[in-house]
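Below is the file upload-v1.csv, which contains CSV, C-alpha atoms.
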```
chain,number,residue,atom,x,y,z
A,1300,MET,CA,24.7,2.4,42.3
A,1301,SER,CA,21.6,1.6,40.3
A,1302,LYS,CA,22.1,0.4,36.7
A,1303,VAL,CA,21.7,3.1,34.1
A,1304,ALA,CA,19.2,2.0,31.4
A,1305,TYR,CA,19.0,3.3,27.9
A,1306,HIS,CA,15.3,4.1,27.7
A,1307,ASP,CA,13.4,3.9,24.4
A,1308,ASP,CA,12.5,7.6,24.7
A,1309,LEU,CA,16.1,8.7,24.6
A,1310,GLU,CA,17.4,10.1,21.3
A,1311,PHE,CA,20.4,8.5,19.6
A,1312,PRO,CA,20.7,10.6,16.4
A,1313,PHE,CA,23.8,8.9,15.2
A,1314,CYS,CA,22.7,5.3,15.8
A,1315,ASP,CA,20.3,3.8,13.2
A,1316,ASP,CA,17.8,1.2,14.2
A,1317,VAL,CA,19.4,-2.3,13.6
A,1318,ILE,CA,16.1,-3.3,12.0
A,1319,LYS,CA,17.7,-1.9,8.8
A,1320,TYR,CA,19.7,-5.1,8.8
A,1321,GLU,CA,18.4,-8.6,8.1
A,1322,LYS,CA,20.2,-11.2,10.2
A,1323,LEU,CA,21.3,-14.1,8.1
A,1324,ALA,CA,23.4,-16.4,10.4
A,1325,LYS,CA,25.0,-16.4,13.8
A,1326,ILE,CA,28.7,-16.7,13.1
A,1327,GLY,CA,30.3,-16.3,16.5
A,1328,GLN,CA,29.7,-16.3,20.3
A,1329,GLY,CA,32.0,-16.0,23.3
A,1330,THR,CA,32.6,-13.8,26.3
A,1331,PHE,CA,32.6,-10.8,23.9
A,1332,GLY,CA,28.9,-11.4,23.0
A,1333,GLU,CA,27.4,-12.6,19.7
A,1334,VAL,CA,28.3,-11.9,16.1
A,1335,PHE,CA,25.9,-12.2,13.2
A,1336,LYS,CA,26.2,-12.1,9.4
A,1337,ALA,CA,23.5,-9.7,8.2
A,1338,ARG,CA,22.4,-7.8,5.1
A,1339,ASP,CA,21.4,-4.2,4.7
A,1340,ARG,CA,17.8,-4.4,3.6
A,1341,ARG,CA,18.1,-1.3,1.4
A,1342,THR,CA,21.5,-1.8,-0.3
A,1343,GLY,CA,21.9,-5.5,0.0
A,1344,LYS,CA,25.4,-5.1,1.4
A,1345,VAL,CA,26.5,-7.9,3.7
A,1346,VAL,CA,27.9,-6.9,7.1
A,1347,ALA,CA,28.9,-8.3,10.5
A,1348,LEU,CA,26.9,-7.2,13.6
A,1349,LYS,CA,28.8,-7.5,16.9
A,1350,LYS,CA,26.4,-7.2,19.9
A,1351,ILE,CA,27.7,-5.2,22.8
A,1352,LEU,CA,27.1,-7.0,26.1
A,1353,MET,CA,25.2,-4.7,28.5
A,1354,GLU,CA,23.8,-7.2,31.0
A,1355,ASN,CA,26.7,-6.9,33.5
A,1356,GLU,CA,27.1,-3.1,33.3
A,1357,LYS,CA,26.3,-1.2,36.5
A,1358,GLU,CA,27.0,2.3,35.2
A,1359,GLY,CA,25.8,2.3,31.6
A,1360,PHE,CA,27.8,1.8,28.4
A,1361,PRO,CA,30.8,-0.6,28.8
A,1362,ILE,CA,34.1,1.3,29.0
A,1363,THR,CA,35.8,-1.5,26.9
A,1364,ALA,CA,33.3,-1.0,24.1
A,1365,LEU,CA,33.8,2.8,24.2
A,1366,ARG,CA,37.5,2.3,23.9
A,1367,GLU,CA,37.1,-0.1,21.0
A,1368,ILE,CA,34.8,2.3,19.2
A,1369,ARG,CA,37.1,5.2,19.7
A,1370,ILE,CA,40.1,3.3,18.4
A,1371,LEU,CA,38.3,1.9,15.4
A,1372,LYS,CA,36.9,5.4,14.5
A,1373,LEU,CA,40.5,6.6,14.5
A,1374,LEU,CA,41.9,3.8,12.3
A,1375,ARG,CA,41.3,3.7,8.5
A,1376,HIS,CA,43.5,1.2,6.7
A,1377,GLU,CA,43.1,-1.6,4.2
A,1378,ASN,CA,44.5,-4.1,6.7
A,1379,VAL,CA,42.4,-3.0,9.6
A,1380,VAL,CA,38.7,-4.1,9.9
A,1381,ASN,CA,36.4,-1.2,9.1
A,1382,LEU,CA,33.7,-0.1,11.6
A,1383,LEU,CA,30.8,1.1,9.5
A,1384,GLU,CA,28.5,2.4,12.2
A,1385,ILE,CA,26.8,1.7,15.5
A,1386,ALA,CA,23.2,0.5,15.4
A,1387,ARG,CA,20.7,-0.1,18.2
A,1388,THR,CA,17.5,-1.9,18.9
A,1389,LYS,CA,14.3,-0.2,20.1
A,1390,ALA,CA,12.7,-1.4,23.3
A,1391,THR,CA,10.5,-4.5,23.1
A,1392,PRO,CA,7.7,-5.7,25.5
A,1393,HIS,CA,10.2,-8.1,27.0
A,1394,MET,CA,12.9,-5.5,27.5
A,1395,SER,CA,10.7,-2.4,27.7
A,1396,SER,CA,13.4,0.0,29.0
A,1397,LEU,CA,16.6,-1.1,27.4
A,1398,SER,CA,18.3,-0.7,24.0
A,1399,THR,CA,20.8,-3.1,22.7
A,1400,PHE,CA,23.8,-1.8,20.7
A,1401,PHE,CA,25.7,-3.4,17.8
A,1402,LEU,CA,29.0,-2.5,16.1
A,1403,VAL,CA,28.5,-2.9,12.4
A,1404,PHE,CA,31.6,-4.1,10.5
A,1405,GLU,CA,32.4,-4.9,6.9
A,1406,PHE,CA,32.0,-8.6,6.4
A,1407,CYS,CA,35.0,-10.9,6.0
A,1408,GLU,CA,34.4,-14.4,4.8
A,1409,HIS,CA,37.3,-16.1,6.6
A,1410,ASP,CA,39.4,-15.9,9.7
A,1411,LEU,CA,43.0,-17.3,9.6
A,1412,ALA,CA,42.4,-19.8,12.3
A,1413,GLY,CA,39.5,-21.3,10.4
A,1414,LEU,CA,41.5,-21.5,7.2
A,1415,LEU,CA,44.4,-23.2,8.9
A,1416,SER,CA,42.1,-25.7,10.5
A,1417,ASN,CA,40.7,-26.8,7.0
A,1418,VAL,CA,42.7,-29.6,5.5
A,1419,ASN,CA,41.5,-28.5,2.0
A,1420,VAL,CA,43.1,-25.0,2.3
A,1421,LYS,CA,46.7,-25.1,1.3
A,1422,PHE,CA,48.9,-22.0,1.3
A,1423,ASN,CA,52.0,-21.9,-1.0
A,1424,LEU,CA,55.1,-19.9,0.1
A,1425,GLY,CA,54.1,-16.9,-2.0
A,1426,GLU,CA,50.6,-16.9,-0.3
A,1427,ILE,CA,52.1,-17.2,3.1
A,1428,LYS,CA,54.3,-14.2,2.4
A,1429,LYS,CA,51.2,-12.2,1.3
A,1430,VAL,CA,49.4,-13.1,4.5
A,1431,MET,CA,52.4,-12.0,6.7
A,1432,GLN,CA,53.1,-8.9,4.6
A,1433,GLN,CA,49.5,-7.7,5.1
A,1434,LEU,CA,49.5,-8.6,8.8
A,1435,LEU,CA,52.7,-6.6,9.3
A,1436,ASN,CA,51.4,-3.7,7.2
A,1437,GLY,CA,48.4,-3.5,9.6
A,1438,LEU,CA,50.6,-3.6,12.6
A,1439,TYR,CA,52.9,-0.9,11.2
A,1440,TYR,CA,49.8,1.3,10.7
A,1441,ILE,CA,48.3,0.9,14.2
A,1442,HIS,CA,51.7,1.2,15.9
A,1443,SER,CA,52.4,4.3,13.9
A,1444,ASN,CA,49.2,5.7,15.3
A,1445,LYS,CA,50.2,4.7,18.8
A,1446,ILE,CA,47.7,1.9,19.2
A,1447,LEU,CA,48.5,-1.6,20.6
A,1448,HIS,CA,46.3,-4.5,19.6
A,1449,ARG,CA,47.0,-6.6,22.7
A,1450,ASP,CA,45.1,-9.7,21.5
A,1451,LEU,CA,46.8,-10.8,18.3
A,1452,LYS,CA,46.0,-14.4,17.4
A,1453,ALA,CA,45.0,-16.3,14.3
A,1454,SER,CA,41.3,-16.1,15.0
A,1455,ASN,CA,41.5,-12.3,15.2
A,1456,VAL,CA,43.0,-12.1,11.7
A,1457,LEU,CA,40.2,-11.9,9.1
A,1458,ILE,CA,40.6,-12.4,5.4
A,1459,THR,CA,38.0,-11.4,2.7
A,1460,LYS,CA,37.2,-13.6,-0.3
A,1461,ASN,CA,39.3,-11.3,-2.4
A,1462,GLY,CA,42.4,-12.0,-0.2
A,1463,ILE,CA,42.5,-8.8,1.8
A,1464,LEU,CA,43.7,-9.4,5.4
A,1465,LYS,CA,42.1,-7.4,8.2
A,1466,LEU,CA,43.2,-7.1,11.8
A,1467,ALA,CA,40.1,-7.4,13.9
A,1468,ASP,CA,38.7,-7.5,17.5
A,1469,PHE,CA,40.2,-4.4,19.1
A,1470,GLY,CA,38.3,-5.0,22.4
A,1471,LEU,CA,41.7,-5.2,24.3
A,1472,ALA,CA,43.4,-2.5,22.2
A,1473,ARG,CA,44.6,0.8,23.8
A,1474,ALA,CA,46.6,3.9,22.9
A,1475,PHE,CA,50.2,3.9,24.2
A,1476,SER,CA,52.6,6.7,25.0
A,1477,THR,CA,56.3,7.0,24.3
A,1478,SER,CA,56.6,9.9,26.7
A,1479,ARG,CA,59.8,10.2,28.7
A,1480,GLN,CA,58.0,11.6,31.8
A,1481,GLY,CA,57.7,8.2,33.5
A,1482,PRO,CA,56.9,4.5,32.9
A,1483,ASN,CA,53.6,3.5,31.7
A,1484,ARG,CA,51.5,1.2,33.9
A,1485,TYR,CA,49.3,-0.9,31.6
A,1486,THR,CA,47.7,-4.2,32.7
A,1487,ASN,CA,49.7,-7.3,31.8
A,1488,ARG,CA,46.5,-9.4,31.8
A,1489,VAL,CA,46.1,-9.1,28.1
A,1490,VAL,CA,46.8,-11.3,25.0
A,1491,THR,CA,45.5,-14.8,24.8
A,1492,LEU,CA,47.8,-17.1,26.8
A,1493,TRP,CA,49.2,-19.1,23.8
A,1494,TYR,CA,50.2,-15.8,22.1
A,1495,ARG,CA,51.3,-13.9,25.2
A,1496,PRO,CA,54.9,-12.6,25.1
A,1497,PRO,CA,57.4,-13.5,27.9
A,1498,GLU,CA,57.6,-9.9,29.2
A,1499,LEU,CA,53.9,-10.0,30.1
A,1500,LEU,CA,54.2,-13.4,31.7
A,1501,LEU,CA,56.9,-12.0,33.9
A,1502,GLY,CA,54.7,-9.1,35.1
A,1503,GLU,CA,55.8,-6.2,32.9
A,1504,ARG,CA,53.4,-3.3,32.8
A,1505,ASN,CA,55.6,-0.8,30.9
A,1506,TYR,CA,55.4,-2.2,27.4
A,1507,GLY,CA,54.8,-1.3,23.8
A,1508,PRO,CA,54.6,-2.6,20.2
A,1509,PRO,CA,56.9,-5.6,20.8
A,1510,VAL,CA,54.0,-7.4,22.6
A,1511,ASP,CA,52.1,-7.5,19.2
A,1512,MET,CA,55.3,-8.5,17.3
A,1513,TRP,CA,55.6,-11.7,19.5
A,1514,GLY,CA,52.0,-12.6,18.4
A,1515,ALA,CA,53.0,-12.0,14.8
A,1516,GLY,CA,55.8,-14.5,15.2
A,1517,CYS,CA,53.5,-17.1,16.7
A,1518,ILE,CA,51.0,-16.6,13.8
A,1519,MET,CA,53.8,-16.8,11.2
A,1520,ALA,CA,55.0,-20.1,12.6
A,1521,GLU,CA,51.4,-21.3,12.6
A,1522,MET,CA,51.1,-20.7,8.8
A,1523,TRP,CA,53.3,-23.9,8.5
A,1524,THR,CA,52.5,-25.9,11.6
A,1525,ARG,CA,48.7,-25.3,11.2
A,1526,THR,CA,48.3,-25.2,14.9
A,1527,PRO,CA,49.4,-22.8,17.7
A,1528,ILE,CA,53.1,-23.6,18.5
A,1529,LEU,CA,53.0,-22.7,22.2
A,1530,GLN,CA,49.9,-24.2,23.8
A,1531,GLY,CA,50.5,-23.6,27.5
A,1532,SER,CA,47.8,-24.5,30.1
A,1533,THR,CA,49.0,-22.0,32.8
A,1534,GLU,CA,51.3,-19.0,32.8
A,1535,GLN,CA,54.0,-21.1,34.4
A,1536,HIS,CA,53.6,-23.8,31.7
A,1537,GLN,CA,53.6,-21.1,28.9
A,1538,LEU,CA,56.9,-19.8,30.2
A,1539,ALA,CA,58.3,-23.3,30.2
A,1540,LEU,CA,57.3,-23.9,26.6
A,1541,ILE,CA,58.8,-20.5,25.5
A,1542,THR,CA,62.0,-21.4,27.3
A,1543,LYS,CA,62.3,-24.8,25.5
A,1544,LEU,CA,61.9,-23.1,22.1
A,1545,CYS,CA,63.6,-19.7,22.7
A,1546,GLY,CA,66.2,-20.6,25.3
A,1547,SER,CA,66.5,-19.9,29.0
A,1548,ILE,CA,65.5,-16.4,30.3
A,1549,THR,CA,68.6,-14.9,31.9
A,1550,PRO,CA,70.1,-11.5,32.3
A,1551,GLU,CA,72.8,-12.5,29.8
A,1552,VAL,CA,70.4,-12.8,26.9
A,1553,TRP,CA,67.9,-10.3,28.3
A,1554,PRO,CA,69.5,-7.5,30.3
A,1555,SER,CA,67.4,-6.2,33.2
A,1556,VAL,CA,65.0,-9.1,33.1
A,1557,GLU,CA,65.7,-9.6,36.8
A,1558,ASN,CA,63.9,-6.4,37.5
A,1559,TYR,CA,60.6,-7.8,36.4
A,1560,ASP,CA,58.0,-8.3,39.1
A,1561,LEU,CA,57.7,-12.0,38.6
A,1562,PHE,CA,61.3,-13.0,37.6
A,1563,ASN,CA,62.1,-14.4,41.0
A,1564,LYS,CA,58.6,-15.8,41.6
A,1565,MET,CA,58.3,-18.0,38.5
A,1566,GLU,CA,60.2,-21.2,38.0
A,1567,LEU,CA,62.5,-20.5,35.1
A,1568,VAL,CA,64.3,-23.5,33.6
A,1569,LYS,CA,68.0,-22.9,33.3
A,1570,GLY,CA,70.5,-24.3,30.7
A,1571,GLN,CA,68.1,-24.3,27.7
A,1572,GLN,CA,69.6,-23.4,24.4
A,1573,ARG,CA,67.8,-21.3,21.8
A,1574,ARG,CA,66.3,-23.7,19.2
A,1575,VAL,CA,63.8,-21.6,17.2
A,1576,CYS,CA,65.3,-22.4,13.8
A,1577,GLU,CA,66.2,-26.0,14.7
A,1578,ARG,CA,62.7,-26.9,16.0
A,1579,LEU,CA,60.8,-25.1,13.2
A,1580,LYS,CA,63.0,-26.1,10.2
A,1581,HIS,CA,61.0,-29.4,9.8
A,1582,TYR,CA,58.0,-27.2,8.8
A,1583,VAL,CA,59.5,-24.0,7.5
A,1584,ARG,CA,61.8,-25.1,4.8
A,1585,ASP,CA,62.8,-21.6,3.9
A,1586,ASN,CA,65.9,-20.0,5.4
A,1587,GLN,CA,64.7,-16.4,5.1
A,1588,ALA,CA,61.4,-17.3,6.8
A,1589,LEU,CA,63.3,-19.0,9.6
A,1590,ASP,CA,65.5,-15.9,10.1
A,1591,LEU,CA,62.5,-13.6,10.3
A,1592,LEU,CA,60.8,-16.0,12.8
A,1593,ASP,CA,63.9,-16.0,14.9
A,1594,LYS,CA,63.8,-12.2,15.0
A,1595,LEU,CA,60.1,-12.0,15.8
A,1596,LEU,CA,60.4,-14.6,18.6
A,1597,THR,CA,63.2,-12.8,20.4
A,1598,LEU,CA,62.9,-13.0,24.2
A,1599,ASP,CA,64.1,-9.5,24.9
A,1600,PRO,CA,61.4,-7.1,23.7
A,1601,SER,CA,64.0,-4.3,23.1
A,1602,LYS,CA,65.8,-6.6,20.6
A,1603,ARG,CA,62.6,-8.0,19.0
A,1604,THR,CA,62.2,-6.8,15.4
A,1605,ASP,CA,59.6,-4.2,14.8
A,1606,SER,CA,57.0,-4.1,12.0
A,1607,SER,CA,59.0,-1.7,9.8
A,1608,SER,CA,62.2,-3.8,9.9
A,1609,ALA,CA,60.1,-7.0,9.4
A,1610,LEU,CA,58.6,-5.6,6.2
A,1611,ASP,CA,62.1,-4.9,4.9
A,1612,HIS,CA,63.3,-8.4,5.6
A,1613,ASP,CA,64.6,-10.4,2.6
A,1614,PHE,CA,61.8,-12.9,3.2
A,1615,PHE,CA,59.4,-10.5,1.4
A,1616,TRP,CA,61.9,-9.5,-1.3
A,1617,THR,CA,63.1,-12.9,-2.6
A,1618,ASP,CA,61.4,-15.4,-5.0
A,1619,PRO,CA,58.7,-16.4,-4.8
A,1620,MET,CA,57.4,-12.9,-4.2
A,1621,PRO,CA,54.1,-12.4,-2.1
A,1622,GLY,CA,51.3,-13.7,-4.2
A,1623,ASP,CA,47.6,-12.9,-4.6
A,1624,LEU,CA,45.4,-14.9,-2.3
A,1625,SER,CA,42.1,-14.5,-4.2
A,1626,LYS,CA,42.7,-17.4,-6.6
A,1627,MET,CA,43.3,-19.9,-3.8
A,1628,LEU,CA,40.4,-18.6,-1.8
A,1629,SER,CA,38.1,-18.8,-4.8
A,1630,GLN,CA,38.2,-22.6,-4.4
A,1631,HIS,CA,36.6,-22.1,-1.0
A,1632,THR,CA,33.4,-20.2,-1.7
A,1633,GLN,CA,31.6,-20.9,1.6
A,1634,SER,CA,32.5,-18.7,4.6
A,1635,MET,CA,34.5,-20.6,7.2
A,1636,PHE,CA,32.5,-18.9,9.9
A,1637,GLU,CA,29.3,-20.4,8.5
A,1638,TYR,CA,30.9,-23.8,7.9
A,1639,LEU,CA,32.3,-24.1,11.4
A,1640,ALA,CA,29.3,-22.6,13.2
A,1641,PRO,CA,26.6,-25.1,14.2
A,1642,ALA,CA,23.6,-25.1,11.9
A,1643,ARG,CA,20.7,-23.2,13.5
A,1644,ARG,CA,17.8,-23.9,11.1
A,1645,PRO,CA,15.0,-26.0,12.6
A,1646,GLY,CA,15.7,-29.7,11.7
A,1647,ALA,CA,19.2,-29.0,10.3
A,1648,SER,CA,22.1,-31.1,11.5
A,1649,ASN,CA,25.4,-29.6,12.8
A,1650,ARG,CA,28.3,-29.5,10.5
A,1651,PRO,CA,31.5,-31.3,11.6
A,1652,VAL,CA,34.3,-29.2,13.1
A,1653,ILE,CA,37.4,-29.4,10.8
A,1654,GLN,CA,40.4,-30.7,12.6
A,1655,PRO,CA,43.8,-28.9,12.5
A,1656,ARG,CA,46.0,-30.0,9.6
A,1657,GLN,CA,49.3,-31.8,10.2
A,1658,PRO,CA,52.0,-31.3,7.6
A,1659,ASP,CA,52.5,-34.3,5.4
A,1660,ASN,CA,54.7,-37.1,6.8
A,1661,VAL,CA,55.5,-35.1,9.9
A,1662,SER,CA,54.2,-35.8,13.4
A,1663,SER,CA,52.3,-33.1,15.2
A,1664,TYR,CA,54.3,-30.0,16.2
A,1665,GLN,CA,53.8,-30.6,19.9
A,1666,GLU,CA,54.9,-34.2,19.7
A,1667,ARG,CA,58.0,-33.4,17.7
A,1668,VAL,CA,59.1,-30.4,19.8
A,1669,TYR,CA,57.9,-31.2,23.3
```
The structure in this file should be written as structure tokens.
Amino acid sequence: MSKVAYHDDLEFPFCDDVIKYEKLAKIGQGTFGEVFKARDRRTGKVVALKKILMENEKEGFPITALREIRILKLLRHENVVNLLEIARTKATPHMSSLSTFFLVFEFCEHDLAGLLSNVNVKFNLGEIKKVMQQLLNGLYYIHSNKILHRDLKASNVLITKNGILKLADFGLARAFSTSRQGPNRYTNRVVTLWYRPPELLLGERNYGPPVDMWGAGCIMAEMWTRTPILQGSTEQHQLALITKLCGSITPEVWPSVENYDLFNKMELVKGQQRRVCERLKHYVRDNQALDLLDKLLTLDPSKRTDSSSALDHDFFWTDPMPGDLSKMLSQHTQSMFEYLAPARRPGASNRPVIQPRQPDNVSSYQERVY
């Protein structure tokens, strides 16, 4: 089938010309495309432009982008990134018949992964509680609206300079059903490997909000370790790391796990005891935090705590209470995106990449645990 082109003579009455925005810096690039910091020429408002990749599409507009747009149009919450509009380019002599489309988002100065990689950024316990409370609020909202994120990780958690957390990158998100008419059959090839829950690694296709709650647990631990806690190189390796931390995967601790497609095909280490609190207590010196982490990193998804129960946990209701992030962030005025992105002005030198921070007087998490 021939590729469908978006010709310049087609009308897009609800898509403004992207020329209304002045690009200021390129702040991201990957398989998803490019992201730019830009300014509205008329209002001066700073936004983020996410380019929609069209080059590999054989039948027009990417279905993944349509799904992301549909979901983001549905969601309106303080802790979910706000899609402002969709803009497009007009044809150029080089691309005479094609338009390029951009998702226009509110601009967030930081992402959590960037902040945690910066040795100069230090979160106290109250600030960690505020980050996690906002993250769980965002998850409670999307799950209540029957949406799964399916790619929760520190780099997809944005934070504004005023300390407001935003769940971002809904490119893998989808609506889910709680219908009793039959099992769902979603793909299990979702969630970045280091944050992927054990049920997906074992081939589960009938899943729900617990897949996001596992990611929330990984991110919560990362607030102290400053680096991802389960850095597997393959799916088999990822399961081995999970087993060493959370104990062996058996029908005794996870009823019906033997029914998963890959349970008998993966090499599962036997005889491992659960050591979440033991292994993380060297970093997380707070008993309530350890208890919540233990509940989030539960192997059996049916027993894993949900966002509502997590928000009611004593961790958020004991001193120190969740504290405002803006004072701490005010000491870091430059956007982490711009600091970490290579300089692109002619003649400018590249900035150094900031290395992950290790807690004081403690060896790296991976060395200590594994």
> Mind pulling up the distance from CA of Glu1503 (chain A) to CA of Asp1560 (chain A)?
Replying inline: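 Separation between CA of Asp1560 (chain A) and CA of Glu1503 (chain A): 6.9 Å.
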With 9 Å as the cut-off and only C-alpha atoms counted, what is the closest atom pair between each nearby residue of region 1345-1387 of chain A and region 1456-1480 of chain A? Distances in Å to one decimal, ordered by chain and number, as CSV.
```
residue,atom,partner,partner_atom,distance
A:Thr1363,CA,A:Gly1470,CA,6.2
A:Ala1364,CA,A:Gly1470,CA,6.6
A:Arg1366,CA,A:Arg1473,CA,7.3
A:Glu1367,CA,A:Gly1470,CA,5.2
A:Ile1368,CA,A:Phe1469,CA,8.6
A:Ile1370,CA,A:Arg1473,CA,7.5
A:Leu1371,CA,A:Phe1469,CA,7.5
A:His1376,CA,A:Lys1465,CA,8.8
A:Glu1377,CA,A:Lys1465,CA,7.1
A:Asn1378,CA,A:Lys1465,CA,4.3
A:Val1379,CA,A:Lys1465,CA,4.6
A:Val1380,CA,A:Lys1465,CA,5.0
A:Asn1381,CA,A:Lys1465,CA,8.5
```
Could the residues in this selection be saved with C-alpha atoms as a PDB file, in the coordinates of the input?
```
ATOM      1  CA  THR A1363      35.800  -1.500  26.900  1.00  0.00           C
ATOM      2  CA  ALA A1364      33.300  -1.000  24.100  1.00  0.00           C
ATOM      3  CA  ARG A1366      37.500   2.300  23.900  1.00  0.00           C
ATOM      4  CA  GLU A1367      37.100  -0.100  21.000  1.00  0.00           C
ATOM      5  CA  ILE A1368      34.800   2.300  19.200  1.00  0.00           C
ATOM      6  CA  ILE A1370      40.100   3.300  18.400  1.00  0.00           C
ATOM      7  CA  LEU A1371      38.300   1.900  15.400  1.00  0.00           C
ATOM      8  CA  HIS A1376      43.500   1.200   6.700  1.00  0.00           C
ATOM      9  CA  GLU A1377      43.100  -1.600   4.200  1.00  0.00           C
ATOM     10  CA  ASN A1378      44.500  -4.100   6.700  1.00  0.00           C
ATOM     11  CA  VAL A1379      42.400  -3.000   9.600  1.00  0.00           C
ATOM     12  CA  VAL A1380      38.700  -4.100   9.900  1.00  0.00           C
ATOM     13  CA  ASN A1381      36.400  -1.200   9.100  1.00  0.00           C
TER      14      ASN A1381
END
```
> In Å, with one decimal, what is the gap from CA of Val1346 (chain A) to CA of Tyr1440 (chain A)?
Replying inline: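 One can read the CA of Val1346 (chain A) to CA of Tyr1440 (chain A) distance as 23.7 Å.
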>> For a quick check of understanding, using all atoms listed in the file, which of A:Asp1613, A:Asp1585, A:Glu1534, A:Asp1599 has the smallest distance to Val1552 (chain A)?
In response: A:Asp1599
>> If I take CA of Val1575 (chain A) and CA of Glu1426 (chain A), how far is one from the other in Å, to one decimal?
In response: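 CA of Val1575 (chain A) sits 22.4 Å away from CA of Glu1426 (chain A).
Closest approach to Trp1493 (chain A) among A:Lys1344, A:Arg1338, A:His1536, A:Arg1578 is made by A:His1536 (distances from all atoms listed in the file).
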>> Here is a test: counting only C-alpha atoms, which residue of A:Val1568, A:Val1556, A:Ala1609, A:Ala1347 is nearest to Lys1543 (chain A)?
In response: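 Checking each candidate against Lys1543 (chain A), we get A:Val1568 as the closest.
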> Taking only C-alpha atoms into account, which of A:Asp1623, A:Leu1598, A:Glu1577, A:Pro1550 comes nearest Glu1498 (chain A)?
Replying inline: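 Using only C-alpha atoms, the shortest distance to Glu1498 (chain A) belongs to A:Leu1598.
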> Residues at most 8 Å from Cys1545 (chain A), counting all atoms listed in the file, excluding those fewer than 2 positions away in the same chain, as a PyMOL selection string?
Replying inline: chain A and resi 1541-1543+1547+1572-1575+1596-1598
